[in-house]
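Trainee: run.tsv is reproduced below (TSV, C-alpha atoms).
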```tsv
chain	number	residue	atom	x	y	z
A	1	MET	CA	-4.06	6.82	10.97
A	2	LYS	CA	-3.60	7.84	14.60
A	3	LYS	CA	-2.38	11.23	15.65
A	4	SER	CA	-0.50	11.85	18.89
A	5	ILE	CA	-2.39	14.31	21.05
A	6	GLY	CA	0.04	14.39	23.98
A	7	ALA	CA	-0.22	13.57	27.66
A	8	HIS	CA	-3.70	14.80	28.53
A	9	THR	CA	-6.66	13.76	30.64
A	10	LEU	CA	-8.68	13.06	27.55
A	11	VAL	CA	-10.96	10.05	27.46
A	12	PHE	CA	-14.65	9.31	26.85
A	13	PRO	CA	-16.98	9.07	28.61
A	14	THR	CA	-16.37	10.97	31.82
A	15	PRO	CA	-19.20	11.58	34.26
A	16	THR	CA	-20.83	14.74	35.53
A	17	TRP	CA	-21.23	14.06	39.22
A	18	VAL	CA	-21.99	16.39	42.07
A	19	VAL	CA	-20.17	15.69	45.33
A	20	GLY	CA	-22.01	16.68	48.51
A	21	SER	CA	-20.36	17.48	51.85
A	22	TYR	CA	-20.73	19.52	55.05
A	23	ASP	CA	-18.13	22.14	55.89
A	24	SER	CA	-16.72	22.61	59.39
A	25	GLU	CA	-19.70	24.76	60.38
A	26	GLY	CA	-22.23	22.31	59.01
A	27	LYS	CA	-23.10	24.24	55.88
A	28	PRO	CA	-24.05	21.87	53.06
A	29	ASN	CA	-21.99	22.27	49.93
A	30	VAL	CA	-21.76	20.68	46.50
A	31	MET	CA	-19.14	20.62	43.77
A	32	THR	CA	-19.11	19.06	40.35
A	33	ALA	CA	-16.51	16.44	39.49
A	34	ALA	CA	-15.76	14.61	36.26
A	35	TRP	CA	-12.72	12.77	37.55
A	36	GLY	CA	-14.23	9.66	39.11
A	37	GLY	CA	-15.48	6.14	38.69
A	38	ILE	CA	-16.49	2.96	40.44
A	39	CYS	CA	-13.30	1.41	41.84
A	40	CYS	CA	-14.31	-1.76	43.71
A	41	SER	CA	-17.23	-4.21	43.78
A	42	LYS	CA	-16.67	-5.68	47.27
A	43	PRO	CA	-16.92	-3.53	49.25
A	44	PRO	CA	-18.79	-1.41	46.74
A	45	CYS	CA	-16.70	1.73	46.29
A	46	ILE	CA	-16.65	4.81	44.15
A	47	GLY	CA	-13.68	7.10	43.69
A	48	VAL	CA	-13.70	10.84	43.08
A	49	SER	CA	-10.59	12.93	42.65
A	50	LEU	CA	-10.43	16.46	44.03
A	51	ARG	CA	-7.79	19.15	44.24
A	52	GLU	CA	-6.65	20.18	47.70
A	53	ALA	CA	-7.56	23.76	46.81
A	54	THR	CA	-11.27	22.95	46.66
A	55	TYR	CA	-13.54	23.72	49.58
A	56	THR	CA	-14.95	20.20	49.36
A	57	TYR	CA	-11.52	18.64	49.88
A	58	GLY	CA	-11.22	20.00	53.41
A	59	ALA	CA	-14.80	19.11	54.21
A	60	ILE	CA	-14.38	15.47	53.19
A	61	MET	CA	-11.07	15.19	55.01
A	62	GLU	CA	-12.81	16.37	58.17
A	63	ARG	CA	-16.10	14.50	57.91
A	64	LYS	CA	-14.80	11.35	56.22
A	65	ALA	CA	-17.96	11.19	54.19
A	66	PHE	CA	-19.49	12.47	50.95
A	67	THR	CA	-22.34	11.83	48.59
A	68	VAL	CA	-22.23	11.38	44.84
A	69	ASN	CA	-25.28	12.92	43.22
A	70	VAL	CA	-26.19	12.22	39.62
A	71	PRO	CA	-27.91	15.21	38.06
A	72	SER	CA	-30.42	14.71	35.29
A	73	GLU	CA	-30.32	16.63	32.01
A	74	ALA	CA	-32.91	19.05	33.38
A	75	HIS	CA	-30.38	20.30	35.92
A	76	VAL	CA	-27.36	20.66	33.67
A	77	ALA	CA	-27.10	24.41	34.35
A	78	GLU	CA	-27.13	23.83	38.12
A	79	ALA	CA	-24.50	21.10	37.74
A	80	ASP	CA	-22.33	23.47	35.73
A	81	PHE	CA	-22.73	26.22	38.32
A	82	PHE	CA	-21.67	23.80	41.07
A	83	GLY	CA	-18.40	23.36	39.19
A	84	ILE	CA	-17.75	27.06	38.73
A	85	ALA	CA	-18.50	28.62	42.12
A	86	SER	CA	-16.79	27.79	45.42
A	87	GLY	CA	-18.56	26.96	48.66
A	88	ARG	CA	-16.10	29.31	50.35
A	89	ASP	CA	-17.83	32.24	48.70
A	90	VAL	CA	-21.42	31.26	48.15
A	91	ASP	CA	-24.15	28.98	49.44
A	92	LYS	CA	-24.66	26.97	46.26
A	93	PHE	CA	-27.85	25.34	47.50
A	94	ALA	CA	-29.40	28.72	48.31
A	95	VAL	CA	-28.35	30.29	45.03
A	96	SER	CA	-29.53	27.36	42.89
A	97	GLY	CA	-32.72	26.77	44.83
A	98	LEU	CA	-31.96	23.06	45.19
A	99	THR	CA	-32.54	21.28	48.48
A	100	PRO	CA	-29.95	19.62	50.74
A	101	VAL	CA	-31.13	16.48	52.54
A	102	ARG	CA	-29.16	15.18	55.50
A	103	SER	CA	-28.10	11.56	54.97
A	104	ASP	CA	-29.08	9.15	57.74
A	105	LEU	CA	-26.07	6.99	56.96
A	106	VAL	CA	-23.14	9.34	56.48
A	107	ASP	CA	-22.18	12.83	57.60
A	108	ALA	CA	-22.99	14.48	54.27
A	109	PRO	CA	-25.96	15.98	52.44
A	110	TYR	CA	-27.46	14.86	49.17
A	111	VAL	CA	-29.41	16.79	46.55
A	112	LYS	CA	-33.12	16.13	46.81
A	113	GLU	CA	-33.90	17.08	43.22
A	114	PHE	CA	-31.29	14.79	41.63
A	115	PRO	CA	-32.64	11.35	40.69
A	116	LEU	CA	-29.77	9.15	41.90
A	117	VAL	CA	-27.53	9.56	44.96
A	118	LEU	CA	-24.82	7.45	46.59
A	119	GLU	CA	-23.98	7.83	50.28
A	120	CYS	CA	-20.30	7.18	50.88
A	121	LYS	CA	-17.94	6.71	53.81
A	122	VAL	CA	-14.29	7.53	53.08
A	123	LEU	CA	-12.04	4.47	53.13
A	124	HIS	CA	-8.94	6.01	51.58
A	125	ALA	CA	-7.61	9.38	50.48
A	126	ASN	CA	-4.69	8.74	48.13
A	127	LYS	CA	-2.76	11.79	46.99
A	128	ILE	CA	-1.72	11.18	43.40
A	129	GLY	CA	-0.47	14.61	42.35
A	130	LEU	CA	-2.59	17.71	41.92
A	131	HIS	CA	-5.58	15.52	42.75
A	132	THR	CA	-6.33	13.27	45.69
A	133	HIS	CA	-8.35	10.15	44.97
A	134	PHE	CA	-11.05	9.69	47.60
A	135	VAL	CA	-12.30	6.13	47.80
A	136	GLY	CA	-15.77	6.04	49.29
A	137	GLU	CA	-17.56	2.90	50.36
A	138	ILE	CA	-21.10	3.07	49.00
A	139	LEU	CA	-23.38	2.47	52.00
A	140	ASP	CA	-26.58	3.01	50.06
A	141	VAL	CA	-27.87	4.05	46.68
A	142	LYS	CA	-31.10	6.03	46.62
A	143	ALA	CA	-33.14	6.66	43.51
A	144	ASP	CA	-36.31	8.52	42.62
A	145	GLU	CA	-39.09	5.98	42.28
A	146	SER	CA	-40.04	7.51	38.95
A	147	THR	CA	-36.69	6.39	37.51
A	148	LEU	CA	-36.97	2.72	38.41
A	149	GLY	CA	-37.14	0.21	35.58
A	150	GLU	CA	-38.84	-3.17	35.37
A	151	ASN	CA	-36.02	-4.80	37.36
A	152	GLY	CA	-36.59	-2.39	40.26
A	153	LEU	CA	-33.33	-0.58	39.61
A	154	PRO	CA	-32.75	2.91	38.21
A	155	ASP	CA	-33.03	3.00	34.42
A	156	ILE	CA	-30.33	5.05	32.70
A	157	GLU	CA	-32.85	6.32	30.14
A	158	LYS	CA	-35.08	7.64	32.93
A	159	VAL	CA	-32.27	9.06	35.09
A	160	LYS	CA	-30.84	10.86	32.03
A	161	PRO	CA	-27.32	11.38	33.43
A	162	ILE	CA	-24.95	13.90	31.91
A	163	ILE	CA	-21.79	12.89	30.03
A	164	PHE	CA	-18.85	15.31	30.12
A	165	SER	CA	-16.45	15.62	27.21
A	166	PRO	CA	-13.05	16.88	28.39
A	167	SER	CA	-11.94	17.76	24.85
A	168	ALA	CA	-14.73	20.20	24.05
A	169	ARG	CA	-15.72	20.87	27.66
A	170	SER	CA	-19.27	20.02	26.68
A	171	TYR	CA	-22.17	18.16	28.25
A	172	HIS	CA	-24.06	15.41	26.45
A	173	GLY	CA	-27.01	13.16	27.10
A	174	VAL	CA	-27.17	9.39	26.87
A	175	GLY	CA	-28.07	8.05	23.45
A	176	GLU	CA	-29.70	4.95	22.10
A	177	LEU	CA	-29.46	1.43	23.42
A	178	LEU	CA	-26.70	-0.45	21.61
A	179	GLY	CA	-27.19	-3.90	23.13
A	180	GLN	CA	-26.97	-6.08	26.20
A	181	ALA	CA	-23.68	-6.75	27.94
A	182	PHE	CA	-22.47	-10.32	28.39
A	183	SER	CA	-24.70	-11.12	25.44
A	184	ILE	CA	-23.99	-9.35	22.16
A	185	GLY	CA	-20.37	-10.49	22.18
A	186	THR	CA	-21.06	-14.17	22.75
A	187	ASP	CA	-20.99	-15.04	19.05
A	188	PHE	CA	-17.22	-14.69	19.19
A	189	LEU	CA	-17.08	-17.47	21.79
A	190	LYS	CA	-18.21	-19.92	19.13
A	191	GLY	CA	-14.99	-19.12	17.32
B	192	MET	CA	-39.71	10.16	46.70
B	193	LYS	CA	-36.43	8.28	46.90
B	194	LYS	CA	-36.21	4.54	47.30
B	195	SER	CA	-33.28	2.82	48.98
B	196	ILE	CA	-31.65	0.41	46.57
B	197	GLY	CA	-28.92	-0.85	48.89
B	198	ALA	CA	-25.13	-0.87	48.80
B	199	HIS	CA	-24.40	-1.44	45.13
B	200	THR	CA	-21.96	-0.28	42.48
B	201	LEU	CA	-24.74	1.52	40.70
B	202	VAL	CA	-24.07	4.90	39.13
B	203	PHE	CA	-24.35	6.56	35.72
B	204	PRO	CA	-22.46	6.91	33.50
B	205	THR	CA	-19.78	4.23	33.65
B	206	PRO	CA	-17.40	3.75	30.73
B	207	THR	CA	-16.80	0.82	28.41
B	208	TRP	CA	-13.05	0.73	28.14
B	209	VAL	CA	-10.74	-1.98	26.87
B	210	VAL	CA	-7.48	-2.46	28.78
B	211	GLY	CA	-4.51	-3.70	26.75
B	212	SER	CA	-1.51	-5.58	28.15
B	213	TYR	CA	1.16	-8.15	27.31
B	214	ASP	CA	1.29	-11.40	29.24
B	215	SER	CA	4.53	-12.93	30.49
B	216	GLU	CA	5.15	-14.53	27.10
B	217	GLY	CA	4.48	-11.35	25.19
B	218	LYS	CA	1.02	-12.28	23.93
B	219	PRO	CA	-1.16	-9.18	23.55
B	220	ASN	CA	-4.40	-9.31	25.51
B	221	VAL	CA	-7.39	-7.09	26.09
B	222	MET	CA	-10.14	-7.00	28.69
B	223	THR	CA	-13.14	-4.75	29.10
B	224	ALA	CA	-13.52	-2.66	32.22
B	225	ALA	CA	-16.29	-0.35	33.37
B	226	TRP	CA	-14.75	0.44	36.75
B	227	GLY	CA	-12.48	3.36	35.97
B	228	GLY	CA	-12.06	7.08	35.51
B	229	ILE	CA	-9.60	9.94	35.27
B	230	CYS	CA	-8.04	10.38	38.71
B	231	CYS	CA	-5.47	13.19	38.44
B	232	SER	CA	-4.73	16.14	36.14
B	233	LYS	CA	-1.02	16.64	37.00
B	234	PRO	CA	0.45	14.20	36.26
B	235	PRO	CA	-2.40	13.16	33.97
B	236	CYS	CA	-3.62	9.82	35.32
B	237	ILE	CA	-6.40	7.37	34.67
B	238	GLY	CA	-7.48	4.64	37.06
B	239	VAL	CA	-8.89	1.23	36.19
B	240	SER	CA	-9.93	-1.34	38.76
B	241	LEU	CA	-9.36	-5.04	38.10
B	242	ARG	CA	-9.87	-8.23	40.08
B	243	GLU	CA	-6.76	-10.23	40.94
B	244	ALA	CA	-8.38	-13.22	39.24
B	245	THR	CA	-8.19	-11.61	35.81
B	246	TYR	CA	-5.42	-12.50	33.41
B	247	THR	CA	-4.78	-8.80	32.82
B	248	TYR	CA	-4.09	-8.18	36.52
B	249	GLY	CA	-0.95	-10.35	36.47
B	250	ALA	CA	0.18	-8.89	33.18
B	251	ILE	CA	-0.04	-5.30	34.41
B	252	MET	CA	1.66	-6.17	37.69
B	253	GLU	CA	4.56	-7.61	35.71
B	254	ARG	CA	4.85	-5.06	32.93
B	255	LYS	CA	3.83	-1.97	34.93
B	256	ALA	CA	2.03	-0.67	31.88
B	257	PHE	CA	-1.33	-0.80	30.14
B	258	THR	CA	-3.36	0.96	27.51
B	259	VAL	CA	-6.92	2.21	27.75
B	260	ASN	CA	-8.71	1.78	24.45
B	261	VAL	CA	-12.03	3.48	23.75
B	262	PRO	CA	-14.13	1.36	21.40
B	263	SER	CA	-16.59	3.02	19.08
B	264	GLU	CA	-20.22	1.92	18.78
B	265	ALA	CA	-19.32	-0.11	15.70
B	266	HIS	CA	-17.22	-2.44	17.88
B	267	VAL	CA	-19.64	-2.94	20.74
B	268	ALA	CA	-19.80	-6.70	20.13
B	269	GLU	CA	-16.01	-7.00	20.22
B	270	ALA	CA	-15.89	-4.91	23.40
B	271	ASP	CA	-18.47	-7.18	24.99
B	272	PHE	CA	-16.53	-10.29	23.96
B	273	PHE	CA	-13.36	-8.84	25.52
B	274	GLY	CA	-15.23	-8.73	28.82
B	275	ILE	CA	-16.54	-12.28	28.62
B	276	ALA	CA	-13.55	-14.37	27.52
B	277	SER	CA	-10.23	-14.69	29.35
B	278	GLY	CA	-6.81	-14.24	27.79
B	279	ARG	CA	-5.80	-17.37	29.65
B	280	ASP	CA	-7.97	-19.42	27.32
B	281	VAL	CA	-8.13	-17.56	24.05
B	282	ASP	CA	-6.26	-15.09	21.88
B	283	LYS	CA	-8.88	-12.36	21.86
B	284	PHE	CA	-7.17	-10.39	19.10
B	285	ALA	CA	-7.06	-13.44	16.83
B	286	VAL	CA	-10.66	-14.42	17.52
B	287	SER	CA	-12.04	-10.90	17.06
B	288	GLY	CA	-9.89	-10.08	14.06
B	289	LEU	CA	-8.73	-6.82	15.63
B	290	THR	CA	-5.10	-5.73	15.45
B	291	PRO	CA	-2.64	-5.24	18.32
B	292	VAL	CA	-0.14	-2.41	17.88
B	293	ARG	CA	2.94	-2.26	20.09
B	294	SER	CA	3.18	1.04	21.93
B	295	ASP	CA	6.44	2.92	21.49
B	296	LEU	CA	6.03	4.49	24.92
B	297	VAL	CA	4.91	1.72	27.25
B	298	ASP	CA	5.19	-2.05	27.40
B	299	ALA	CA	1.62	-2.71	26.25
B	300	PRO	CA	-0.36	-3.05	23.03
B	301	TYR	CA	-3.24	-0.92	21.85
B	302	VAL	CA	-6.13	-1.71	19.53
B	303	LYS	CA	-5.57	-0.32	16.05
B	304	GLU	CA	-9.25	-0.24	15.11
B	305	PHE	CA	-10.40	1.70	18.19
B	306	PRO	CA	-10.48	5.47	17.65
B	307	LEU	CA	-8.95	6.65	20.93
B	308	VAL	CA	-6.16	5.09	23.00
B	309	LEU	CA	-4.23	6.12	26.10
B	310	GLU	CA	-0.77	4.73	26.82
B	311	CYS	CA	-0.19	4.40	30.54
B	312	LYS	CA	2.66	3.67	32.93
B	313	VAL	CA	1.60	2.25	36.31
B	314	LEU	CA	2.23	4.66	39.18
B	315	HIS	CA	0.23	2.86	41.87
B	316	ALA	CA	-1.65	-0.39	42.41
B	317	ASN	CA	-3.92	0.11	45.41
B	318	LYS	CA	-5.80	-2.96	46.61
B	319	ILE	CA	-9.20	-1.80	47.79
B	320	GLY	CA	-11.03	-5.10	48.22
B	321	LEU	CA	-12.03	-7.48	45.47
B	322	HIS	CA	-10.61	-4.93	43.04
B	323	THR	CA	-7.22	-3.29	42.82
B	324	HIS	CA	-7.13	0.28	41.56
B	325	PHE	CA	-4.36	0.72	39.01
B	326	VAL	CA	-3.32	4.33	38.59
B	327	GLY	CA	-1.70	4.85	35.21
B	328	GLU	CA	0.12	7.97	34.18
B	329	ILE	CA	-1.08	8.91	30.70
B	330	LEU	CA	2.08	9.32	28.60
B	331	ASP	CA	0.21	9.93	25.37
B	332	VAL	CA	-3.26	10.00	23.90
B	333	LYS	CA	-3.61	8.84	20.30
B	334	ALA	CA	-6.69	9.40	18.20
B	335	ASP	CA	-7.81	8.55	14.70
B	336	GLU	CA	-7.46	11.67	12.58
B	337	SER	CA	-11.01	11.17	11.33
B	338	THR	CA	-12.31	11.80	14.86
B	339	LEU	CA	-10.61	15.16	15.40
B	340	GLY	CA	-12.80	18.21	15.82
B	341	GLU	CA	-12.18	21.83	14.92
B	342	ASN	CA	-10.00	22.32	18.01
B	343	GLY	CA	-7.69	19.49	16.91
B	344	LEU	CA	-8.88	17.21	19.69
B	345	PRO	CA	-11.04	14.08	19.47
B	346	ASP	CA	-14.74	14.92	19.19
B	347	ILE	CA	-16.99	12.76	21.38
B	348	GLU	CA	-19.64	12.70	18.65
B	349	LYS	CA	-17.13	11.30	16.17
B	350	VAL	CA	-15.46	8.85	18.56
B	351	LYS	CA	-18.90	7.51	19.56
B	352	PRO	CA	-17.81	5.92	22.87
B	353	ILE	CA	-19.97	3.35	24.62
B	354	ILE	CA	-21.72	4.04	27.93
B	355	PHE	CA	-22.30	1.06	30.24
B	356	SER	CA	-25.31	0.90	32.54
B	357	PRO	CA	-24.58	-1.33	35.56
B	358	SER	CA	-28.28	-1.60	36.47
B	359	ALA	CA	-29.47	-3.12	33.21
B	360	ARG	CA	-26.07	-4.35	32.08
B	361	SER	CA	-26.66	-2.53	28.81
B	362	TYR	CA	-24.59	-0.48	26.39
B	363	HIS	CA	-25.67	2.96	25.18
B	364	GLY	CA	-24.40	5.59	22.81
B	365	VAL	CA	-23.77	9.25	23.51
B	366	GLY	CA	-26.78	11.50	22.95
B	367	GLU	CA	-27.32	15.10	22.08
B	368	LEU	CA	-25.26	18.09	23.11
B	369	LEU	CA	-26.74	19.68	26.22
B	370	GLY	CA	-24.47	22.71	26.52
B	371	GLN	CA	-21.00	24.05	27.20
B	372	ALA	CA	-19.32	23.53	30.54
B	373	PHE	CA	-18.15	26.57	32.52
B	374	SER	CA	-20.73	28.49	30.56
B	375	ILE	CA	-24.36	27.39	30.87
B	376	GLY	CA	-24.25	27.65	34.66
B	377	THR	CA	-22.85	31.17	34.82
B	378	ASP	CA	-26.26	32.82	35.09
B	379	PHE	CA	-26.39	31.62	38.69
B	380	LEU	CA	-23.24	33.64	39.44
B	381	LYS	CA	-25.24	36.81	38.92
B	382	GLY	CA	-27.32	35.81	41.88
```
Any chance you could put this one into C-alpha cells?

Mentor:
Amino acid sequence: MKKSIGAHTLVFPTPTWVVGSYDSEGKPNVMTAAWGGICCSKPPCIGVSLREATYTYGAIMERKAFTVNVPSEAHVAEADFFGIASGRDVDKFAVSGLTPVRSDLVDAPYVKEFPLVLECKVLHANKIGLHTHFVGEILDVKADESTLGENGLPDIEKVKPIIFSPSARSYHGVGELLGQAFSIGTDFLKG
Amino acid sequence: MKKSIGAHTLVFPTPTWVVGSYDSEGKPNVMTAAWGGICCSKPPCIGVSLREATYTYGAIMERKAFTVNVPSEAHVAEADFFGIASGRDVDKFAVSGLTPVRSDLVDAPYVKEFPLVLECKVLHANKIGLHTHFVGEILDVKADESTLGENGLPDIEKVKPIIFSPSARSYHGVGELLGQAFSIGTDFLKG
C-alpha cells in the first residue's frame, strides 16, 4: 500500500557533488550540491541547480564555468562542511586543508584530493524557481589513476562516491554490484 | 596523479529511474533513465533527459506529464529490460508482469511494485543537444508504507534504490551509512 508523502524533493539516489568556482577576485570556492545530474550525451553535459543566494551562483554567472568534484567517502566531513559554510565568509579550501587546482580548460578550480572531477563550460542557466539549473558542457573528466578499472575508466568501487538521502539528510556509500546493464534484463526480450 | 579521460558523461552516482507515461492511444509505457536529478526545491522539480528518438519522448510531449519510479534492488532485471526494449514494439508492463496504476494527479501511470514514485507535471522541455531536459514539477511523492522510517519518510535503506555506473555500465546497491548531513562537517566551522 502506498502512502502519499506530499510534494517534496524526495527521491533516491541523489549525489553528493562539490561545485568549484572562482569568485570575482579569483578566490577559489567550493559548495556541495545534491540537486544535479547528467542531462545530455551529445554534447556531454551535466546540470547542477543552485539558489541565487549562494556565493557560487554569482561566481558561475560571471565566469561561465564550474567544476563538478566527486568526493570519496574519506572526505565526507569536508564535503558536508562545503555545504554548510559560505565562501562569502570563509576560505573553505584553507579551512579544510584541501588544495585548489586551476583548470587548464575552464575558468574554475578543482579539488586535488577528490578522485574524480569534471571541467564544465556553462551552456545554459535556466531559472526554474528557487533554483537555477546550470547546464555545463563537460570538456574533460579527470580521475586519479589509482581509481581506474580494467577498462581504463574510473571504477565506482574505487572512487567510493557519496550518496545523499534527502529524507534522512544522511550520507551513504555505494553497495554491492547487482549486475550488468543492458544484460541482466535481456531474458525478458525472449518473451 | 590525475589522468585525463576525455569529454564523457562519466560521473558517480547516477540514478536508475523508470519514467512512466501514456502513449497517444493510452497504453502505459516505461523507460529507464540514468540522466536525471532534482533541479529545484520551490516548486519541487525533478529533471529527466530523454532522446527525441525514444517512444517516451513523444508521449511526454503530448501528455505533459510523467512519473519517476524508483525500482528496488529486487527489480533490477525489470529496470534493465525497461531500458533495452522500446514501447513502440512491446508492452513492457505485460512482458515484465508489473502493474501500471493510473495517477490521480497527472496523466501518467506509475509502477505499483516499485517502492517510491513521483508524479510530475511538465513545466519545461529544454532541448540541450541529443537529449531534451524535461523539468517536471513534483505534485506528489508516494511510497510503500513498508519503506517508511521513523520520521515518516521513505528510508533509503528500505527502498534499496539502484545506483548506475556509466563507466562500467553496472548496477550497484546503496552501502553503509557514512554520517549525517549538516552535522559531520561542523567541526570545520570551529576553525

Trainee: May I have the residues within 9 Å of Pro357 in chain B as a tab-separated table (two decimals) with C-alpha atoms, keeping the file's coordinate frame, using only C-alpha atoms and disregarding those fewer than 3 positions away in the same chain?

Mentor:
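Result went into around.tsv, see below:
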```tsv
chain	number	residue	atom	x	y	z
B	200	THR	CA	-21.96	-0.28	42.48
B	201	LEU	CA	-24.74	1.52	40.70
B	202	VAL	CA	-24.07	4.90	39.13
B	203	PHE	CA	-24.35	6.56	35.72
B	204	PRO	CA	-22.46	6.91	33.50
B	205	THR	CA	-19.78	4.23	33.65
B	225	ALA	CA	-16.29	-0.35	33.37
B	360	ARG	CA	-26.07	-4.35	32.08
B	361	SER	CA	-26.66	-2.53	28.81
```

Trainee: My list of candidates is B:His324, B:His266, B:Arg254, B:Lys349. Which is closest to chain A when distances are computed with only C-alpha atoms?

Mentor: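 Once distances to chain A are computed over only C-alpha atoms, the minimum belongs to B:His324.
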
Trainee: Could you tell me which of B:Ala268, B:Val302, B:Val209, B:Val281 comes closest to chain A if we count all atoms listed in the file?

Mentor: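 Looking only at the distances to chain A, the closest residue turns out to be B:Ala268.
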
Trainee: List every residue of chain B that has an atom at most 6 Å from any atom of chain A, and for each one report the closest atom pair and its distance in Å to one decimal, counting all atoms listed in the file, with rows sorted by chain and then by increasing residue number, as JSON lines.

Mentor:
```
{"residue": "B:Met192", "atom": "CA", "partner": "A:Asp144", "partner_atom": "CA", "distance": 5.6}
{"residue": "B:Lys193", "atom": "CA", "partner": "A:Asp144", "partner_atom": "CA", "distance": 4.3}
{"residue": "B:Lys194", "atom": "CA", "partner": "A:Ala143", "partner_atom": "CA", "distance": 5.3}
{"residue": "B:Ser195", "atom": "CA", "partner": "A:Lys142", "partner_atom": "CA", "distance": 4.5}
{"residue": "B:Ile196", "atom": "CA", "partner": "A:Val141", "partner_atom": "CA", "distance": 5.2}
{"residue": "B:Gly197", "atom": "CA", "partner": "A:Asp140", "partner_atom": "CA", "distance": 4.7}
{"residue": "B:Ala198", "atom": "CA", "partner": "A:Asp140", "partner_atom": "CA", "distance": 4.3}
{"residue": "B:His199", "atom": "CA", "partner": "A:Pro44", "partner_atom": "CA", "distance": 5.8}
{"residue": "B:Thr200", "atom": "CA", "partner": "A:Pro44", "partner_atom": "CA", "distance": 5.4}
{"residue": "B:Pro204", "atom": "CA", "partner": "A:Pro15", "partner_atom": "CA", "distance": 5.7}
{"residue": "B:Pro206", "atom": "CA", "partner": "A:Pro13", "partner_atom": "CA", "distance": 5.7}
{"residue": "B:Trp226", "atom": "CA", "partner": "A:Ile38", "partner_atom": "CA", "distance": 4.8}
{"residue": "B:Gly227", "atom": "CA", "partner": "A:Gly37", "partner_atom": "CA", "distance": 4.9}
{"residue": "B:Gly228", "atom": "CA", "partner": "A:Gly37", "partner_atom": "CA", "distance": 4.8}
{"residue": "B:Ile229", "atom": "CA", "partner": "A:Trp35", "partner_atom": "CA", "distance": 4.8}
{"residue": "B:Cys230", "atom": "CA", "partner": "A:Ser49", "partner_atom": "CA", "distance": 5.3}
{"residue": "B:Cys231", "atom": "CA", "partner": "A:His131", "partner_atom": "CA", "distance": 4.9}
{"residue": "B:Lys233", "atom": "CA", "partner": "A:Leu130", "partner_atom": "CA", "distance": 5.3}
{"residue": "B:Pro235", "atom": "CA", "partner": "A:Thr9", "partner_atom": "CA", "distance": 5.4}
{"residue": "B:Ser240", "atom": "CA", "partner": "A:Cys39", "partner_atom": "CA", "distance": 5.3}
{"residue": "B:Ala268", "atom": "CA", "partner": "A:Gly185", "partner_atom": "CA", "distance": 4.3}
{"residue": "B:Glu269", "atom": "CA", "partner": "A:Gly185", "partner_atom": "CA", "distance": 5.9}
{"residue": "B:Asp271", "atom": "CA", "partner": "A:Gly185", "partner_atom": "CA", "distance": 4.7}
{"residue": "B:Phe272", "atom": "CA", "partner": "A:Gly185", "partner_atom": "CA", "distance": 4.2}
{"residue": "B:Gly320", "atom": "CA", "partner": "A:Lys42", "partner_atom": "CA", "distance": 5.7}
{"residue": "B:Leu321", "atom": "CA", "partner": "A:Lys42", "partner_atom": "CA", "distance": 5.3}
{"residue": "B:His322", "atom": "CA", "partner": "A:Cys40", "partner_atom": "CA", "distance": 4.9}
{"residue": "B:Ile329", "atom": "CA", "partner": "A:Ala7", "partner_atom": "CA", "distance": 5.6}
{"residue": "B:Leu330", "atom": "CA", "partner": "A:Ala7", "partner_atom": "CA", "distance": 4.9}
{"residue": "B:Asp331", "atom": "CA", "partner": "A:Ala7", "partner_atom": "CA", "distance": 4.3}
{"residue": "B:Val332", "atom": "CA", "partner": "A:Ile5", "partner_atom": "CA", "distance": 5.2}
{"residue": "B:Lys333", "atom": "CA", "partner": "A:Ser4", "partner_atom": "CA", "distance": 4.6}
{"residue": "B:Ala334", "atom": "CA", "partner": "A:Lys2", "partner_atom": "CA", "distance": 5.0}
{"residue": "B:Asp335", "atom": "CA", "partner": "A:Lys2", "partner_atom": "CA", "distance": 4.3}
{"residue": "B:Glu336", "atom": "CA", "partner": "A:Lys2", "partner_atom": "CA", "distance": 5.8}
{"residue": "B:Arg360", "atom": "CA", "partner": "A:Ala181", "partner_atom": "CA", "distance": 5.3}
{"residue": "B:Ser361", "atom": "CA", "partner": "A:Gln180", "partner_atom": "CA", "distance": 4.4}
{"residue": "B:Tyr362", "atom": "CA", "partner": "A:Leu178", "partner_atom": "CA", "distance": 5.2}
{"residue": "B:His363", "atom": "CA", "partner": "A:Leu177", "partner_atom": "CA", "distance": 4.5}
{"residue": "B:Gly364", "atom": "CA", "partner": "A:Gly175", "partner_atom": "CA", "distance": 4.5}
{"residue": "B:Val365", "atom": "CA", "partner": "A:Gly175", "partner_atom": "CA", "distance": 4.5}
{"residue": "B:Gly366", "atom": "CA", "partner": "A:Gly175", "partner_atom": "CA", "distance": 3.7}
{"residue": "B:Glu367", "atom": "CA", "partner": "A:Gly173", "partner_atom": "CA", "distance": 5.4}
{"residue": "B:Leu368", "atom": "CA", "partner": "A:His172", "partner_atom": "CA", "distance": 4.4}
{"residue": "B:Leu369", "atom": "CA", "partner": "A:His172", "partner_atom": "CA", "distance": 5.0}
{"residue": "B:Gly370", "atom": "CA", "partner": "A:Tyr171", "partner_atom": "CA", "distance": 5.4}
{"residue": "B:Gln371", "atom": "CA", "partner": "A:Ser170", "partner_atom": "CA", "distance": 4.4}
{"residue": "B:Ala372", "atom": "CA", "partner": "A:Ser170", "partner_atom": "CA", "distance": 5.2}
{"residue": "B:Ile375", "atom": "CA", "partner": "A:Ala77", "partner_atom": "CA", "distance": 5.3}
{"residue": "B:Gly376", "atom": "CA", "partner": "A:Phe81", "partner_atom": "CA", "distance": 4.2}
```

Trainee: By how many Å are CA of Pro291 in chain B and CA of Gly211 in chain B apart?

Mentor: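 CA of Gly211 in chain B lies at a distance of 8.8 Å from CA of Pro291 in chain B.
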
Trainee: List as JSON, numbers by chain: which residues have an atom within 8 Å of (-18.5, 9.4, 56.5), counting only C-alpha atoms?

Mentor: {"A": [63, 64, 65, 66, 105, 106, 107, 108, 120, 121, 122]}

Trainee: CA of Asp89 in chain A to CA of Ser21 in chain A: how many Å, to one decimal?

Mentor: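 Computing it gives 15.3 Å between the two atoms.
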
Trainee: Let me make sure I understand: among B:Gly288, B:Gly278, B:Pro300, B:Gly249, which one has the smallest atom-to-atom distance to Ala316 in chain B if we use all atoms listed in the file?

Mentor: B:Gly249

Trainee: In Å to one decimal, how far is CA of Gly327 in chain B from CA of Glu216 in chain B?

Mentor: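 Taking CA of Glu216 in chain B as the start and CA of Gly327 in chain B as the end point, the length is 22.1 Å.
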
Trainee: Report, as lines of an AutoDock Vina configuration file, the centre and edge lengths in Å (one decimal) of the axis-aligned box enclosing every listed atom of range 286-298 of chain B, padded by 4 Å on each side.

Mentor:
```
center_x = -2.8
center_y = -5.0
center_z = 20.7
size_x = 26.5
size_y = 26.9
size_z = 21.3
```
